[in-house]
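K.L.:
I have a structure here, written as structure tokens, and I will follow up with some questions on it.
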Amino acid sequence: MPITVCKLILGHFVVIVVISCCFCRYANPEDNPNIPGIAKYFSTKGRYEEVNPHLLEDILSVNASILQPPSAQCRQIYLTAVIRHGTRYPTTKNVKKMQQLHKIVLDKASFKDSWLREIQTQWRMWYTEDMDGKLVQKGVSDLKHLAVRLSKLFPSLISEEKLRGGLIKFITSSKHRCVNSTLAFKAGLTQLWAIEDQGFEHVVNDALMRFFDRCTKFVKDVEDNPSAMAELDKFKMGPEMRRVQEKIADRLRVPYSLITDDMAEAAFYLCAYEFAIKTINSPWCRLFDEVDGQVMEYAGDLKQFWKRAYGYNINSKSSCILFHDMFSRLDKAANENKSGQPMTEAVTVQIGHAETLLPLLTLLGFFKDIDILTSTNYATQTQRSFRTSRMLPYAANFLLVLYDCGDGDLRLQPLLNEQPLTFPGMTEEQVSMPQYQQVKEHYRDLLSGCDFETECQLFSHPSEA
């Protein structure tokens, strides 16, 4: 454990204060040798702590000053949260790739460097196909800690009284990792308040949390359509990715032909999963430098852009059902508040996937750059706002908080990963916390249209980019 020694001069005396601190040496997480230099490029395989580095010092710390309603009399009346599951194991498909790369390294690589020797002689392939994306213990902690932090940020809404009163609703995808994330979120609250005499139900609703599976047009035109990923495929064959593959082959001293784009991805995932699950800066991470990490991140962003975001119109429109669900709950809370009725719901916690969050964020217009992401514009996209490493780590969360500021003045604040957002396209005076009615006016076309059944009907041609 690092030790910091400080000398305080008081009069004629020197007082030596010894401070024990795990993080004093590493005020900047990038200086910490236990954190891979490429950790901030892990796309959807990244830790939540890379997005909010202050949590490395105190996992329960919150900054309430980020919530800045226009007046002191504003009070929170409703919160809806769409949350991605916590840290998970790799899927069966990725485990197979990782096993294949490990075999290449064992059978073909010639080691001279100590890190390569460590892979060949000490590291064991402990990932198995039956893990298949299940939640890991770190994922349980992700959601427990998030629950406690949100209760500190919104104490009048996420409270013991409202939980016991049934005013906090829990909805989840049917996937094991999401159900267990929901259980972990609830456990974070029941342990916080030492509740042992009462249980709290959750509802499984794949129509809301896995809408993409039920959108026929999306499944046919994008999910099951190989040509939909043409830009990603071209990037994988392009000079940037080829250079990454060659550098990996050089570091392993194996023929270039052995390191395909799949094997480069497998190496990247091995580094990412070892870090996310075990908090280990694995020797696998030594196969990449920062430039490589940026290229791999761009490949991940290209995939998400074309498969879940702005690449095709149906990607975002598939989330219409969740969009309408959120606004109907907001409307209900607004109407109950206006009429003075008792609130029937204070908080809605909906736990799904990166594939749940990204189409919704896209539908709302967040993180839309001037230029679309393509296979040929990597060099000009270094300042892009569409960066899934920042948007969609494990336990990513999108919140909408409704405030009553008096005299019928309702305000709505969006947050992503506990950081305020501004609704895209709204005027400057509306930016900090716009009136709820202004937000509804801004999304008027979606609120009056965007019908899931209509959008997801099957047509003969793919959606346009």
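Residues in the structure tokens are numbered from 1 in each chain, the chains being A, B, ... in the order shown, and ligands are numbered from 1 in the order shown.
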Applying 6 Å and only C-alpha atoms, which residues near range 371-376 of chain A remain after dropping the ones on its own chain fewer than 4 positions away? List them as a short mmCIF file (atom, residue, chain, number, x, y, z; two decimals) with N, CA, C and O atoms, in the first residue's frame.

P.N.:
data_model
loop_
_atom_site.label_atom_id
_atom_site.label_comp_id
_atom_site.auth_asym_id
_atom_site.auth_seq_id
_atom_site.Cartn_x
_atom_site.Cartn_y
_atom_site.Cartn_z
N GLU A 231 -19.61 -1.77 -43.67
CA GLU A 231 -18.57 -0.81 -43.26
C GLU A 231 -17.62 -1.43 -42.24
O GLU A 231 -16.41 -1.21 -42.29
N LYS A 234 -15.36 -3.89 -44.08
CA LYS A 234 -14.32 -3.20 -44.85
C LYS A 234 -13.24 -2.65 -43.93
O LYS A 234 -12.04 -2.69 -44.26
N PHE A 235 -13.64 -2.15 -42.76
CA PHE A 235 -12.64 -1.64 -41.82
C PHE A 235 -11.73 -2.77 -41.33
O PHE A 235 -10.52 -2.58 -41.18
#

K.L.:
Counting only C-alpha atoms, what is within 9 Å of Arg149 in chain A, bar same-chain residues fewer than 4 positions away, as a VMD selection string?

P.N.:
chain A and resid 59 to 62 144 to 145 153 to 154

K.L.:
Selected residues, N, CA and C atoms, written as an mmCIF file, in the first residue's frame, please.

P.N.:
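Listed below is the output, result_32.cif:
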data_model
loop_
_atom_site.group_PDB
_atom_site.id
_atom_site.type_symbol
_atom_site.label_atom_id
_atom_site.label_comp_id
_atom_site.auth_asym_id
_atom_site.auth_seq_id
_atom_site.Cartn_x
_atom_site.Cartn_y
_atom_site.Cartn_z
ATOM 1 N N ILE A 59 -16.178 3.995 -4.045
ATOM 2 C CA ILE A 59 -17.169 3.433 -4.965
ATOM 3 C C ILE A 59 -18.575 3.953 -4.683
ATOM 4 N N LEU A 60 -18.786 4.556 -3.517
ATOM 5 C CA LEU A 60 -20.110 5.063 -3.175
ATOM 6 C C LEU A 60 -20.199 6.586 -3.220
ATOM 7 N N SER A 61 -19.166 7.230 -3.761
ATOM 8 C CA SER A 61 -19.167 8.697 -3.763
ATOM 9 C C SER A 61 -20.099 9.236 -4.843
ATOM 10 N N VAL A 62 -20.805 10.306 -4.515
ATOM 11 C CA VAL A 62 -21.665 10.990 -5.483
ATOM 12 C C VAL A 62 -21.399 12.488 -5.391
ATOM 13 N N LYS A 144 -25.234 -3.258 -6.991
ATOM 14 C CA LYS A 144 -25.439 -2.898 -5.582
ATOM 15 C C LYS A 144 -24.934 -1.488 -5.320
ATOM 16 N N HIS A 145 -23.742 -1.208 -5.787
ATOM 17 C CA HIS A 145 -23.149 0.112 -5.556
ATOM 18 C C HIS A 145 -23.927 1.205 -6.284
ATOM 19 N N LEU A 153 -28.116 10.237 -4.433
ATOM 20 C CA LEU A 153 -28.389 11.342 -5.356
ATOM 21 C C LEU A 153 -29.855 11.767 -5.303
ATOM 22 N N PHE A 154 -30.741 10.789 -5.112
ATOM 23 C CA PHE A 154 -32.182 11.065 -5.146
ATOM 24 C C PHE A 154 -32.853 10.518 -3.882
#

K.L.:
If you count only C-alpha atoms, which residues fall within 10 Å of range 312-324 of chain A, apart from same-chain ones fewer than 6 positions away, as a PDB file with N, CA, C and O atoms, in the first residue's frame?

P.N.:
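This went into part-v2.pdb:
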ATOM      1  N   VAL A  82     -33.137   3.421 -17.034  1.00  0.00           N
ATOM      2  CA  VAL A  82     -32.879   2.258 -17.887  1.00  0.00           C
ATOM      3  C   VAL A  82     -31.403   1.905 -17.694  1.00  0.00           C
ATOM      4  O   VAL A  82     -30.524   2.726 -17.969  1.00  0.00           O
ATOM      5  N   ALA A 207     -40.668  -7.572 -24.003  1.00  0.00           N
ATOM      6  CA  ALA A 207     -41.219  -6.651 -24.996  1.00  0.00           C
ATOM      7  C   ALA A 207     -40.617  -5.257 -24.827  1.00  0.00           C
ATOM      8  O   ALA A 207     -40.350  -4.552 -25.809  1.00  0.00           O
ATOM      9  N   LEU A 208     -40.358  -4.874 -23.574  1.00  0.00           N
ATOM     10  CA  LEU A 208     -39.734  -3.576 -23.292  1.00  0.00           C
ATOM     11  C   LEU A 208     -38.214  -3.636 -23.327  1.00  0.00           C
ATOM     12  O   LEU A 208     -37.560  -2.758 -23.879  1.00  0.00           O
ATOM     13  N   MET A 209     -37.642  -4.662 -22.708  1.00  0.00           N
ATOM     14  CA  MET A 209     -36.195  -4.662 -22.470  1.00  0.00           C
ATOM     15  C   MET A 209     -35.398  -5.398 -23.552  1.00  0.00           C
ATOM     16  O   MET A 209     -34.190  -5.258 -23.645  1.00  0.00           O
ATOM     17  N   ARG A 210     -36.090  -6.205 -24.382  1.00  0.00           N
ATOM     18  CA  ARG A 210     -35.450  -6.873 -25.523  1.00  0.00           C
ATOM     19  C   ARG A 210     -36.310  -6.652 -26.775  1.00  0.00           C
ATOM     20  O   ARG A 210     -36.593  -7.583 -27.538  1.00  0.00           O
ATOM     21  N   PHE A 211     -36.713  -5.414 -26.961  1.00  0.00           N
ATOM     22  CA  PHE A 211     -37.588  -5.064 -28.091  1.00  0.00           C
ATOM     23  C   PHE A 211     -36.960  -5.436 -29.426  1.00  0.00           C
ATOM     24  O   PHE A 211     -37.641  -5.760 -30.399  1.00  0.00           O
ATOM     25  N   PHE A 212     -35.629  -5.419 -29.483  1.00  0.00           N
ATOM     26  CA  PHE A 212     -34.909  -5.680 -30.729  1.00  0.00           C
ATOM     27  C   PHE A 212     -35.153  -7.099 -31.236  1.00  0.00           C
ATOM     28  O   PHE A 212     -35.123  -7.340 -32.442  1.00  0.00           O
ATOM     29  N   ASP A 213     -35.383  -8.041 -30.348  1.00  0.00           N
ATOM     30  CA  ASP A 213     -35.670  -9.414 -30.760  1.00  0.00           C
ATOM     31  C   ASP A 213     -37.022  -9.536 -31.444  1.00  0.00           C
ATOM     32  O   ASP A 213     -37.258 -10.460 -32.229  1.00  0.00           O
ATOM     33  N   ARG A 214     -37.935  -8.615 -31.118  1.00  0.00           N
ATOM     34  CA  ARG A 214     -39.319  -8.721 -31.582  1.00  0.00           C
ATOM     35  C   ARG A 214     -39.632  -7.787 -32.731  1.00  0.00           C
ATOM     36  O   ARG A 214     -40.765  -7.751 -33.202  1.00  0.00           O
ATOM     37  N   CYS A 215     -38.640  -7.037 -33.164  1.00  0.00           N
ATOM     38  CA  CYS A 215     -38.831  -6.104 -34.281  1.00  0.00           C
ATOM     39  C   CYS A 215     -38.434  -6.817 -35.570  1.00  0.00           C
ATOM     40  O   CYS A 215     -37.244  -6.902 -35.908  1.00  0.00           O
ATOM     41  N   THR A 216     -39.412  -7.340 -36.281  1.00  0.00           N
ATOM     42  CA  THR A 216     -39.153  -8.193 -37.451  1.00  0.00           C
ATOM     43  C   THR A 216     -38.292  -7.493 -38.487  1.00  0.00           C
ATOM     44  O   THR A 216     -37.370  -8.089 -39.060  1.00  0.00           O
ATOM     45  N   LYS A 217     -38.574  -6.233 -38.744  1.00  0.00           N
ATOM     46  CA  LYS A 217     -37.807  -5.484 -39.747  1.00  0.00           C
ATOM     47  C   LYS A 217     -36.345  -5.363 -39.339  1.00  0.00           C
ATOM     48  O   LYS A 217     -35.437  -5.541 -40.170  1.00  0.00           O
ATOM     49  N   PHE A 218     -36.091  -5.062 -38.061  1.00  0.00           N
ATOM     50  CA  PHE A 218     -34.708  -4.972 -37.593  1.00  0.00           C
ATOM     51  C   PHE A 218     -33.999  -6.313 -37.727  1.00  0.00           C
ATOM     52  O   PHE A 218     -32.867  -6.395 -38.208  1.00  0.00           O
ATOM     53  N   VAL A 219     -34.659  -7.387 -37.317  1.00  0.00           N
ATOM     54  CA  VAL A 219     -34.036  -8.714 -37.359  1.00  0.00           C
ATOM     55  C   VAL A 219     -33.664  -9.086 -38.787  1.00  0.00           C
ATOM     56  O   VAL A 219     -32.545  -9.544 -39.058  1.00  0.00           O
ATOM     57  N   ASP A 221     -33.544  -7.003 -41.652  1.00  0.00           N
ATOM     58  CA  ASP A 221     -32.749  -6.039 -42.422  1.00  0.00           C
ATOM     59  C   ASP A 221     -31.369  -5.771 -41.832  1.00  0.00           C
ATOM     60  O   ASP A 221     -30.458  -5.378 -42.555  1.00  0.00           O
ATOM     61  N   VAL A 222     -31.229  -5.966 -40.528  1.00  0.00           N
ATOM     62  CA  VAL A 222     -29.951  -5.632 -39.885  1.00  0.00           C
ATOM     63  C   VAL A 222     -29.335  -6.852 -39.167  1.00  0.00           C
ATOM     64  O   VAL A 222     -28.255  -7.303 -39.522  1.00  0.00           O
ATOM     65  N   GLU A 223     -30.033  -7.360 -38.173  1.00  0.00           N
ATOM     66  CA  GLU A 223     -29.474  -8.432 -37.342  1.00  0.00           C
ATOM     67  C   GLU A 223     -29.037  -9.645 -38.163  1.00  0.00           C
ATOM     68  O   GLU A 223     -27.937 -10.171 -37.979  1.00  0.00           O
ATOM     69  N   ALA A 228     -25.477  -5.671 -43.923  1.00  0.00           N
ATOM     70  CA  ALA A 228     -25.711  -4.509 -43.070  1.00  0.00           C
ATOM     71  C   ALA A 228     -24.428  -4.052 -42.373  1.00  0.00           C
ATOM     72  O   ALA A 228     -24.291  -2.894 -41.995  1.00  0.00           O
ATOM     73  N   PHE A 305     -22.574   1.352 -34.182  1.00  0.00           N
ATOM     74  CA  PHE A 305     -23.182   2.425 -34.979  1.00  0.00           C
ATOM     75  C   PHE A 305     -24.113   1.848 -36.040  1.00  0.00           C
ATOM     76  O   PHE A 305     -25.239   2.318 -36.222  1.00  0.00           O
ATOM     77  N   TRP A 306     -23.636   0.823 -36.732  1.00  0.00           N
ATOM     78  CA  TRP A 306     -24.415   0.267 -37.834  1.00  0.00           C
ATOM     79  C   TRP A 306     -25.446  -0.753 -37.369  1.00  0.00           C
ATOM     80  O   TRP A 306     -26.474  -0.937 -38.014  1.00  0.00           O
ATOM     81  N   LEU A 330     -43.854   9.138 -17.225  1.00  0.00           N
ATOM     82  CA  LEU A 330     -43.620  10.542 -16.873  1.00  0.00           C
ATOM     83  C   LEU A 330     -44.936  11.319 -16.864  1.00  0.00           C
ATOM     84  O   LEU A 330     -45.209  12.105 -15.947  1.00  0.00           O
ATOM     85  N   GLN A 350     -35.509  -0.205 -14.829  1.00  0.00           N
ATOM     86  CA  GLN A 350     -35.647  -1.159 -15.927  1.00  0.00           C
ATOM     87  C   GLN A 350     -34.264  -1.634 -16.344  1.00  0.00           C
ATOM     88  O   GLN A 350     -33.429  -0.832 -16.775  1.00  0.00           O
ATOM     89  N   GLU A 355     -27.784  -3.212 -25.906  1.00  0.00           N
ATOM     90  CA  GLU A 355     -28.666  -3.174 -27.074  1.00  0.00           C
ATOM     91  C   GLU A 355     -30.035  -2.587 -26.742  1.00  0.00           C
ATOM     92  O   GLU A 355     -30.809  -2.283 -27.642  1.00  0.00           O
ATOM     93  N   THR A 356     -30.332  -2.450 -25.454  1.00  0.00           N
ATOM     94  CA  THR A 356     -31.557  -1.767 -25.028  1.00  0.00           C
ATOM     95  C   THR A 356     -31.317  -0.259 -24.976  1.00  0.00           C
ATOM     96  O   THR A 356     -32.125   0.540 -25.454  1.00  0.00           O
ATOM     97  N   LEU A 357     -30.194   0.110 -24.398  1.00  0.00           N
ATOM     98  CA  LEU A 357     -29.886   1.528 -24.189  1.00  0.00           C
ATOM     99  C   LEU A 357     -29.551   2.276 -25.472  1.00  0.00           C
ATOM    100  O   LEU A 357     -30.030   3.396 -25.691  1.00  0.00           O
ATOM    101  N   LEU A 358     -28.708   1.676 -26.315  1.00  0.00           N
ATOM    102  CA  LEU A 358     -28.184   2.425 -27.459  1.00  0.00           C
ATOM    103  C   LEU A 358     -29.266   2.844 -28.460  1.00  0.00           C
ATOM    104  O   LEU A 358     -29.283   4.011 -28.889  1.00  0.00           O
ATOM    105  N   PRO A 359     -30.193   1.970 -28.845  1.00  0.00           N
ATOM    106  CA  PRO A 359     -31.255   2.442 -29.748  1.00  0.00           C
ATOM    107  C   PRO A 359     -32.101   3.560 -29.139  1.00  0.00           C
ATOM    108  O   PRO A 359     -32.521   4.482 -29.852  1.00  0.00           O
ATOM    109  N   LEU A 360     -32.332   3.496 -27.829  1.00  0.00           N
ATOM    110  CA  LEU A 360     -33.107   4.547 -27.163  1.00  0.00           C
ATOM    111  C   LEU A 360     -32.350   5.873 -27.172  1.00  0.00           C
ATOM    112  O   LEU A 360     -32.926   6.931 -27.492  1.00  0.00           O
ATOM    113  N   LEU A 361     -31.077   5.853 -26.832  1.00  0.00           N
ATOM    114  CA  LEU A 361     -30.264   7.074 -26.868  1.00  0.00           C
ATOM    115  C   LEU A 361     -30.215   7.648 -28.279  1.00  0.00           C
ATOM    116  O   LEU A 361     -30.228   8.865 -28.481  1.00  0.00           O
ATOM    117  N   THR A 362     -30.167   6.753 -29.269  1.00  0.00           N
ATOM    118  CA  THR A 362     -30.152   7.184 -30.671  1.00  0.00           C
ATOM    119  C   THR A 362     -31.483   7.801 -31.067  1.00  0.00           C
ATOM    120  O   THR A 362     -31.522   8.847 -31.728  1.00  0.00           O
ATOM    121  N   LEU A 363     -32.576   7.184 -30.671  1.00  0.00           N
ATOM    122  CA  LEU A 363     -33.907   7.726 -30.971  1.00  0.00           C
ATOM    123  C   LEU A 363     -34.055   9.138 -30.411  1.00  0.00           C
ATOM    124  O   LEU A 363     -34.644  10.019 -31.045  1.00  0.00           O
ATOM    125  N   LEU A 364     -33.477   9.369 -29.236  1.00  0.00           N
ATOM    126  CA  LEU A 364     -33.550  10.677 -28.589  1.00  0.00           C
ATOM    127  C   LEU A 364     -32.543  11.670 -29.173  1.00  0.00           C
ATOM    128  O   LEU A 364     -32.570  12.857 -28.828  1.00  0.00           O
ATOM    129  N   GLY A 365     -31.637  11.183 -30.024  1.00  0.00           N
ATOM    130  CA  GLY A 365     -30.717  12.077 -30.729  1.00  0.00           C
ATOM    131  C   GLY A 365     -29.398  12.342 -30.045  1.00  0.00           C
ATOM    132  O   GLY A 365     -28.637  13.218 -30.474  1.00  0.00           O
ATOM    133  N   LEU A 446     -42.178  12.014 -32.524  1.00  0.00           N
ATOM    134  CA  LEU A 446     -42.016  10.660 -31.996  1.00  0.00           C
ATOM    135  C   LEU A 446     -43.178  10.296 -31.075  1.00  0.00           C
ATOM    136  O   LEU A 446     -43.646   9.152 -31.074  1.00  0.00           O
ATOM    137  N   LEU A 447     -43.611  11.246 -30.275  1.00  0.00           N
ATOM    138  CA  LEU A 447     -44.698  10.973 -29.327  1.00  0.00           C
ATOM    139  C   LEU A 447     -46.025  10.724 -30.041  1.00  0.00           C
ATOM    140  O   LEU A 447     -46.847   9.930 -29.585  1.00  0.00           O
ATOM    141  N   SER A 448     -46.216  11.378 -31.175  1.00  0.00           N
ATOM    142  CA  SER A 448     -47.465  11.188 -31.910  1.00  0.00           C
ATOM    143  C   SER A 448     -47.373  10.026 -32.893  1.00  0.00           C
ATOM    144  O   SER A 448     -48.391   9.524 -33.369  1.00  0.00           O
ATOM    145  N   GLY A 449     -46.139   9.624 -33.209  1.00  0.00           N
ATOM    146  CA  GLY A 449     -45.941   8.500 -34.125  1.00  0.00           C
ATOM    147  C   GLY A 449     -45.085   7.433 -33.467  1.00  0.00           C
ATOM    148  O   GLY A 449     -45.333   7.046 -32.336  1.00  0.00           O
ATOM    149  N   CYS A 450     -44.089   6.983 -34.189  1.00  0.00           N
ATOM    150  CA  CYS A 450     -43.121   6.013 -33.648  1.00  0.00           C
ATOM    151  C   CYS A 450     -43.849   4.814 -33.039  1.00  0.00           C
ATOM    152  O   CYS A 450     -43.619   4.435 -31.899  1.00  0.00           O
ATOM    153  N   ASP A 451     -44.738   4.236 -33.820  1.00  0.00           N
ATOM    154  CA  ASP A 451     -45.473   3.061 -33.360  1.00  0.00           C
ATOM    155  C   ASP A 451     -44.649   1.808 -33.635  1.00  0.00           C
ATOM    156  O   ASP A 451     -44.252   1.552 -34.785  1.00  0.00           O
ATOM    157  N   PHE A 452     -44.382   1.044 -32.601  1.00  0.00           N
ATOM    158  CA  PHE A 452     -43.507  -0.127 -32.714  1.00  0.00           C
ATOM    159  C   PHE A 452     -44.012  -1.100 -33.780  1.00  0.00           C
ATOM    160  O   PHE A 452     -43.241  -1.555 -34.638  1.00  0.00           O
ATOM    161  N   GLU A 453     -45.289  -1.427 -33.732  1.00  0.00           N
ATOM    162  CA  GLU A 453     -45.830  -2.416 -34.666  1.00  0.00           C
ATOM    163  C   GLU A 453     -45.705  -1.931 -36.112  1.00  0.00           C
ATOM    164  O   GLU A 453     -45.338  -2.697 -37.010  1.00  0.00           O
ATOM    165  N   THR A 454     -45.974  -0.653 -36.327  1.00  0.00           N
ATOM    166  CA  THR A 454     -45.883  -0.100 -37.684  1.00  0.00           C
ATOM    167  C   THR A 454     -44.439  -0.062 -38.167  1.00  0.00           C
ATOM    168  O   THR A 454     -44.129  -0.475 -39.286  1.00  0.00           O
ATOM    169  N   GLU A 455     -43.543   0.446 -37.309  1.00  0.00           N
ATOM    170  CA  GLU A 455     -42.131   0.569 -37.692  1.00  0.00           C
ATOM    171  C   GLU A 455     -41.501  -0.791 -37.979  1.00  0.00           C
ATOM    172  O   GLU A 455     -40.626  -0.907 -38.835  1.00  0.00           O
ATOM    173  N   CYS A 456     -41.917  -1.803 -37.234  1.00  0.00           N
ATOM    174  CA  CYS A 456     -41.253  -3.106 -37.311  1.00  0.00           C
ATOM    175  C   CYS A 456     -41.886  -4.053 -38.318  1.00  0.00           C
ATOM    176  O   CYS A 456     -41.445  -5.200 -38.453  1.00  0.00           O
ATOM    177  N   PRO A 462     -33.969  -2.928 -47.130  1.00  0.00           N
ATOM    178  CA  PRO A 462     -33.384  -2.442 -45.881  1.00  0.00           C
ATOM    179  C   PRO A 462     -33.610  -0.947 -45.705  1.00  0.00           C
ATOM    180  O   PRO A 462     -33.784  -0.210 -46.681  1.00  0.00           O
ATOM    181  N   SER A 463     -33.600  -0.503 -44.447  1.00  0.00           N
ATOM    182  CA  SER A 463     -33.708   0.937 -44.164  1.00  0.00           C
ATOM    183  C   SER A 463     -32.521   1.657 -44.750  1.00  0.00           C
ATOM    184  O   SER A 463     -31.420   1.113 -44.864  1.00  0.00           O
ATOM    185  N   GLU A 464     -32.718   2.887 -45.102  1.00  0.00           N
ATOM    186  CA  GLU A 464     -31.624   3.688 -45.623  1.00  0.00           C
ATOM    187  C   GLU A 464     -30.724   4.150 -44.490  1.00  0.00           C
ATOM    188  O   GLU A 464     -31.154   4.325 -43.365  1.00  0.00           O
ATOM    189  N   ALA A 465     -29.479   4.397 -44.811  1.00  0.00           N
ATOM    190  CA  ALA A 465     -28.534   4.914 -43.813  1.00  0.00           C
ATOM    191  C   ALA A 465     -28.904   6.337 -43.472  1.00  0.00           C
ATOM    192  O   ALA A 465     -29.498   7.048 -44.263  1.00  0.00           O
TER     193      ALA A 465
END

K.L.:
Which residues, written as a PyMOL selection string, have at least one atom at most 6 Å from range 171-178 of chain A, with only C-alpha atoms counted and residues fewer than 4 positions away on the same chain left out?

P.N.:
chain A and resi 85+134-135+202-206+209+350-352

K.L.:
Can you spit out the residues from that selection as a CSV table (one decimal), in the first residue's frame, using C-alpha atoms?

P.N.:
chain,number,residue,atom,x,y,z
A,85,HIS,CA,-26.6,-5.3,-16.6
A,134,LYS,CA,-23.6,-14.8,-17.1
A,135,LEU,CA,-23.2,-12.1,-14.4
A,202,HIS,CA,-39.7,-7.6,-10.2
A,203,VAL,CA,-41.4,-8.1,-13.6
A,204,VAL,CA,-39.8,-9.8,-16.6
A,205,ASN,CA,-40.8,-7.9,-19.7
A,206,ASP,CA,-38.8,-8.7,-22.9
A,209,MET,CA,-36.2,-4.7,-22.5
A,350,GLN,CA,-35.6,-1.2,-15.9
A,351,ILE,CA,-32.7,-3.4,-16.4
A,352,GLY,CA,-31.6,-4.6,-19.9

K.L.:
Within 10 Å of range 268-275 of chain A, which residues of range 73-92 of chain A come that close, and what is the closest atom pair and distance in Å for each? Count only C-alpha atoms and give it as CSV.

P.N.:
residue,atom,partner,partner_atom,distance
A:Thr87,CA,A:Tyr273,CA,9.0
A:Arg88,CA,A:Tyr273,CA,8.5
A:Tyr89,CA,A:Tyr273,CA,7.4
A:Pro90,CA,A:Tyr273,CA,7.4

K.L.:
With a distance cut-off of 8 Å and only C-alpha atoms, select the neighbouring residues of Phe42 in chain A, excluding the residue or stretch itself and same-chain residues fewer than 6 positions from it, and output the selection as a PyMOL selection string.

P.N.:
chain A and resi 272+293+297+389

K.L.:
Select, from A:Ala184, A:Ile66, A:Lys307, A:Glu265, the residue with the minimum atom-to-atom distance to Asn225 in chain A, counting only C-alpha atoms.

P.N.:
A:Lys307

K.L.:
Rounded to one decimal, what separation in Å do you get between CA of Gly165 in chain A and CA of Ala395 in chain A?

P.N.:
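CA of Ala395 in chain A lies 26.0 Å from CA of Gly165 in chain A.
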
K.L.:
List every residue of range 124-270 of chain A that DSSP, applied to the backbone of this structure, assigns to strand (DSSP E), and report them as a ChimeraX atom specification.

P.N.:
/A:168-172,203-204

K.L.:
Residues of the last selection are to be written out with C-alpha atoms, as a tab-separated table (two decimals), in the first residue's frame.

P.N.:
chain	number	residue	atom	x	y	z
A	168	ILE	CA	-40.28	1.60	-6.71
A	169	LYS	CA	-41.01	-0.71	-9.66
A	170	PHE	CA	-38.50	-3.20	-11.06
A	171	ILE	CA	-38.64	-4.48	-14.65
A	172	THR	CA	-36.02	-6.71	-16.26
A	203	VAL	CA	-41.44	-8.14	-13.55
A	204	VAL	CA	-39.80	-9.82	-16.55

K.L.:
Show which residues sit within 10 Å of Phe386 in chain A, as a VMD selection string. Count only C-alpha atoms, and ignore same-chain residues fewer than 2 positions away.

P.N.:
chain A and resid 298 301 to 302 304 to 305 309 to 310 366 to 369 372 to 373 381 383 to 384 388 to 391

K.L.:
Please save C-alpha atoms of the selected residues as a PDB file, in the first residue's frame.

P.N.:
ATOM      1  CA  TYR A 298     -13.289   2.254 -33.501  1.00  0.00           C
ATOM      2  CA  ASP A 301     -17.996   1.681 -32.425  1.00  0.00           C
ATOM      3  CA  LEU A 302     -18.515   0.891 -36.099  1.00  0.00           C
ATOM      4  CA  GLN A 304     -22.586  -0.542 -32.656  1.00  0.00           C
ATOM      5  CA  PHE A 305     -23.182   2.425 -34.979  1.00  0.00           C
ATOM      6  CA  ALA A 309     -27.516   3.243 -33.683  1.00  0.00           C
ATOM      7  CA  TYR A 310     -27.522   5.778 -36.507  1.00  0.00           C
ATOM      8  CA  PHE A 366     -27.823  11.829 -28.289  1.00  0.00           C
ATOM      9  CA  PHE A 367     -24.198  11.471 -29.480  1.00  0.00           C
ATOM     10  CA  LYS A 368     -24.946  12.182 -33.120  1.00  0.00           C
ATOM     11  CA  ASP A 369     -21.913  13.487 -34.970  1.00  0.00           C
ATOM     12  CA  ILE A 372     -21.419   9.080 -39.992  1.00  0.00           C
ATOM     13  CA  LEU A 373     -18.862   6.453 -39.015  1.00  0.00           C
ATOM     14  CA  GLN A 381     -13.227  10.710 -36.161  1.00  0.00           C
ATOM     15  CA  GLN A 383     -13.075  13.790 -31.653  1.00  0.00           C
ATOM     16  CA  ARG A 384     -16.352  11.947 -32.272  1.00  0.00           C
ATOM     17  CA  THR A 388     -19.353   3.435 -26.737  1.00  0.00           C
ATOM     18  CA  SER A 389     -16.516   3.159 -24.221  1.00  0.00           C
ATOM     19  CA  ARG A 390     -17.947   6.293 -22.615  1.00  0.00           C
ATOM     20  CA  MET A 391     -21.605   5.583 -23.283  1.00  0.00           C
TER      21      MET A 391
END

K.L.:
Nearest to Lys152 in chain A among A:Thr121, A:Leu116, A:Glu129, A:Ala64, with distances taken over only C-alpha atoms: which residue is it?

P.N.:
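Closest to Lys152 in chain A, using only C-alpha atoms: A:Ala64.
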